[in-house]
Amino acid sequence: QFVEWYYLTLDRTDRSELSTVYRDQSMMTFETNQVQGTDAIKKKFISLPQKLQHYTHTLDAHPSGQSGSIIVLVTGQLRIDDGEHPQSYSQCFHLIPEGGTYYVLNDIFRFNYA
C-alpha cells in the first residue's frame, strides 16, 4: 500500500503530502545528492521535474529487525516530462513503525544505466 500511494503522490504536481512520511532524522539519496530532514527532502521533491510517471515492475519487502521496521526495494521505469524513452530505476525504503503507521527513515533512489 505504501509504494502505490508513494508513487501516485509523487506523480502529481502537488507533492507536499509526501513530506508527511519523513522525519527530521530521515535521509534521502537521489542519485549522488544526499539530503537529511523533512525540510530538505520537501525541497528535493519541489526541485524534481513537474511531470513524472512511475511504472513499478518489482516490489520486495522484508522485515528488518525486532522493531517491526521494513526494507522495501522497488524497480521500475520512470518517464520524465512525456519523454519518449522511460528510464529504469531502483529505489529502496527503510520504513520504521510509529503510532500504528510507518515513516521513511532512509530513501535511496538510483537510475539504472545499461
# chains A, B, ... in the order shown; residues from 1 in each chain; ligands from 1

call {"tool": "residues_around", "arguments": {"residues": "segment 11-19 of chain A", "least_positions_apart": "5", "cutoff": "6 Å", "atoms": "only C-alpha atoms", "output": "ChimeraX atom specification"}}
result
/A:42,50,52-53

call {"tool": "write_last_selection", "arguments": {"atoms": "N, CA and C atoms", "output": "mmCIF file, in the first residue's frame"}}
result
data_model
loop_
_atom_site.group_PDB
_atom_site.id
_atom_site.type_symbol
_atom_site.label_atom_id
_atom_site.label_comp_id
_atom_site.auth_asym_id
_atom_site.auth_seq_id
_atom_site.Cartn_x
_atom_site.Cartn_y
_atom_site.Cartn_z
ATOM 1 N N LYS A 42 11.601 17.841 1.402
ATOM 2 C CA LYS A 42 10.500 18.559 0.748
ATOM 3 C C LYS A 42 11.037 19.424 -0.399
ATOM 4 N N GLN A 50 8.220 18.593 -13.098
ATOM 5 C CA GLN A 50 6.792 18.632 -12.779
ATOM 6 C C GLN A 50 6.045 17.384 -13.219
ATOM 7 N N LEU A 52 6.025 13.526 -13.893
ATOM 8 C CA LEU A 52 6.660 12.228 -13.700
ATOM 9 C C LEU A 52 5.618 11.131 -13.833
ATOM 10 N N GLN A 53 6.031 9.993 -14.392
ATOM 11 C CA GLN A 53 5.167 8.813 -14.456
ATOM 12 C C GLN A 53 6.012 7.604 -14.074
#

call {"tool": "residues_around", "arguments": {"residues": "Asn106 of chain A", "least_positions_apart": "3", "cutoff": "12 Å", "atoms": "only C-alpha atoms", "output": "VMD selection string"}}
result
chain A and resid 21 to 30 34 to 38 41 69 to 73 91 to 96 102 to 103 109

call {"tool": "select_by_dssp", "arguments": {"residues": "chain A", "states": "strand (DSSP E or B)", "output": "PyMOL selection string"}}
result
chain A and resi 22-30+33-36+52-64+69-80+87-98+101-111

call {"tool": "atom_distance", "arguments": {"atom1": "atom CA of Lys51 of chain A", "atom2": "atom CA of Asp81 of chain A"}}
result
4.8 Å

call {"tool": "residues_around", "arguments": {"residues": "Val74 of chain A", "least_positions_apart": "6", "cutoff": "8 Å", "atoms": "only C-alpha atoms", "output": "list in words"}}
result
Thr56, His57, Thr58, Leu59, Asp60, Ser90, Gln91 and Cys92 of chain A

call {"tool": "residues_around", "arguments": {"residues": "Ala114 of chain A", "least_positions_apart": "2", "cutoff": "10 Å", "atoms": "only C-alpha atoms", "output": "PyMOL selection string"}}
result
chain A and resi 88+111-112

call {"tool": "atom_distance", "arguments": {"atom1": "atom CA of Lys44 of chain A", "atom2": "atom CA of Pro63 of chain A"}}
result
27.8 Å

call {"tool": "closest_residue", "arguments": {"among": "A:Gly99, A:Gly68, A:Glu31, A:Ile80", "to": "Pro49 of chain A", "atoms": "only C-alpha atoms"}}
result
A:Ile80

call {"tool": "atom_distance", "arguments": {"atom1": "atom CA of Ser47 of chain A", "atom2": "atom CA of Glu84 of chain A"}}
result
21.5 Å

call {"tool": "decode", "arguments": {"residues": "chain A", "atoms": "C-alpha atoms", "output": "tab-separated table (two decimals), in the first residue's frame"}}
result
chain	number	residue	atom	x	y	z
A	1	GLN	CA	0.00	0.00	0.00
A	2	PHE	CA	2.81	2.42	0.83
A	3	VAL	CA	4.54	2.04	-2.54
A	4	GLU	CA	1.32	2.54	-4.51
A	5	TRP	CA	0.44	5.68	-2.50
A	6	TYR	CA	4.01	7.00	-2.70
A	7	TYR	CA	4.30	6.85	-6.50
A	8	LEU	CA	0.75	8.10	-7.12
A	9	THR	CA	1.53	11.10	-4.90
A	10	LEU	CA	4.97	11.64	-6.44
A	11	ASP	CA	3.48	11.64	-9.94
A	12	ARG	CA	1.14	14.52	-9.02
A	13	THR	CA	2.19	18.13	-9.44
A	14	ASP	CA	1.43	18.76	-5.73
A	15	ARG	CA	3.83	16.51	-3.82
A	16	SER	CA	3.52	18.25	-0.46
A	17	GLU	CA	1.75	15.26	1.10
A	18	LEU	CA	4.92	13.17	0.69
A	19	SER	CA	6.75	15.10	3.39
A	20	THR	CA	4.35	13.68	5.99
A	21	VAL	CA	6.10	10.28	5.83
A	22	TYR	CA	9.56	11.68	6.57
A	23	ARG	CA	11.03	12.88	9.88
A	24	ASP	CA	13.92	15.19	10.81
A	25	GLN	CA	16.24	12.17	11.10
A	26	SER	CA	15.17	10.82	7.67
A	27	MET	CA	17.75	10.69	4.89
A	28	MET	CA	17.20	10.66	1.14
A	29	THR	CA	19.75	9.92	-1.54
A	30	PHE	CA	18.69	10.82	-5.07
A	31	GLU	CA	21.46	9.66	-7.36
A	32	THR	CA	24.50	11.34	-5.74
A	33	ASN	CA	22.57	14.08	-3.93
A	34	GLN	CA	22.04	13.29	-0.24
A	35	VAL	CA	19.71	15.32	1.98
A	36	GLN	CA	18.51	14.93	5.56
A	37	GLY	CA	15.40	16.17	7.35
A	38	THR	CA	11.84	16.93	6.40
A	39	ASP	CA	12.52	20.41	5.02
A	40	ALA	CA	15.45	19.35	2.84
A	41	ILE	CA	13.52	16.36	1.50
A	42	LYS	CA	10.50	18.56	0.75
A	43	LYS	CA	12.78	20.93	-1.23
A	44	LYS	CA	14.13	17.95	-3.17
A	45	PHE	CA	10.59	16.93	-4.18
A	46	ILE	CA	9.87	20.50	-5.30
A	47	SER	CA	13.05	20.52	-7.43
A	48	LEU	CA	12.02	17.42	-9.42
A	49	PRO	CA	10.51	17.82	-12.90
A	50	GLN	CA	6.79	18.63	-12.78
A	51	LYS	CA	5.64	15.68	-14.89
A	52	LEU	CA	6.66	12.23	-13.70
A	53	GLN	CA	5.17	8.81	-14.46
A	54	HIS	CA	6.42	5.83	-12.45
A	55	TYR	CA	5.84	2.27	-13.65
A	56	THR	CA	6.60	-0.27	-10.93
A	57	HIS	CA	7.94	-3.62	-12.16
A	58	THR	CA	9.05	-5.37	-8.97
A	59	LEU	CA	8.49	-4.84	-5.27
A	60	ASP	CA	10.20	-6.78	-2.49
A	61	ALA	CA	9.62	-6.18	1.23
A	62	HIS	CA	11.39	-7.81	4.16
A	63	PRO	CA	11.16	-7.35	7.93
A	64	SER	CA	14.22	-5.63	9.36
A	65	GLY	CA	14.98	-6.43	12.96
A	66	GLN	CA	12.77	-6.79	16.00
A	67	SER	CA	11.44	-3.22	15.93
A	68	GLY	CA	8.99	-4.07	13.14
A	69	SER	CA	10.79	-1.98	10.54
A	70	ILE	CA	10.59	-2.98	6.87
A	71	ILE	CA	13.05	-2.75	3.98
A	72	VAL	CA	11.32	-2.20	0.62
A	73	LEU	CA	13.07	-2.46	-2.76
A	74	VAL	CA	11.28	-1.24	-5.89
A	75	THR	CA	12.39	-1.44	-9.52
A	76	GLY	CA	10.63	0.11	-12.45
A	77	GLN	CA	10.70	2.73	-15.16
A	78	LEU	CA	10.29	6.48	-14.92
A	79	ARG	CA	9.02	8.71	-17.71
A	80	ILE	CA	10.04	12.36	-17.25
A	81	ASP	CA	8.17	15.25	-18.93
A	82	ASP	CA	6.49	12.98	-21.52
A	83	GLY	CA	9.91	11.75	-22.65
A	84	GLU	CA	9.94	9.16	-25.38
A	85	HIS	CA	12.16	6.71	-23.51
A	86	PRO	CA	11.44	5.88	-19.85
A	87	GLN	CA	14.50	5.32	-17.66
A	88	SER	CA	14.96	2.26	-15.46
A	89	TYR	CA	15.31	2.93	-11.74
A	90	SER	CA	15.57	1.23	-8.38
A	91	GLN	CA	14.51	2.68	-5.05
A	92	CYS	CA	14.96	1.38	-1.53
A	93	PHE	CA	12.94	2.49	1.52
A	94	HIS	CA	13.59	1.72	5.19
A	95	LEU	CA	10.22	2.07	6.92
A	96	ILE	CA	10.05	2.49	10.69
A	97	PRO	CA	6.86	1.82	12.71
A	98	GLU	CA	5.38	4.81	14.52
A	99	GLY	CA	1.96	5.07	16.12
A	100	GLY	CA	0.22	2.41	14.04
A	101	THR	CA	1.78	3.58	10.77
A	102	TYR	CA	5.28	3.91	9.29
A	103	TYR	CA	7.69	6.70	8.40
A	104	VAL	CA	10.61	6.65	5.96
A	105	LEU	CA	13.96	6.65	7.73
A	106	ASN	CA	16.04	6.04	4.59
A	107	ASP	CA	15.16	6.52	0.92
A	108	ILE	CA	17.69	5.71	-1.81
A	109	PHE	CA	16.89	6.31	-5.49
A	110	ARG	CA	19.12	5.38	-8.42
A	111	PHE	CA	18.71	5.30	-12.18
A	112	ASN	CA	19.92	2.01	-13.65
A	113	TYR	CA	22.11	2.62	-16.68
A	114	ALA	CA	22.93	-0.24	-19.05
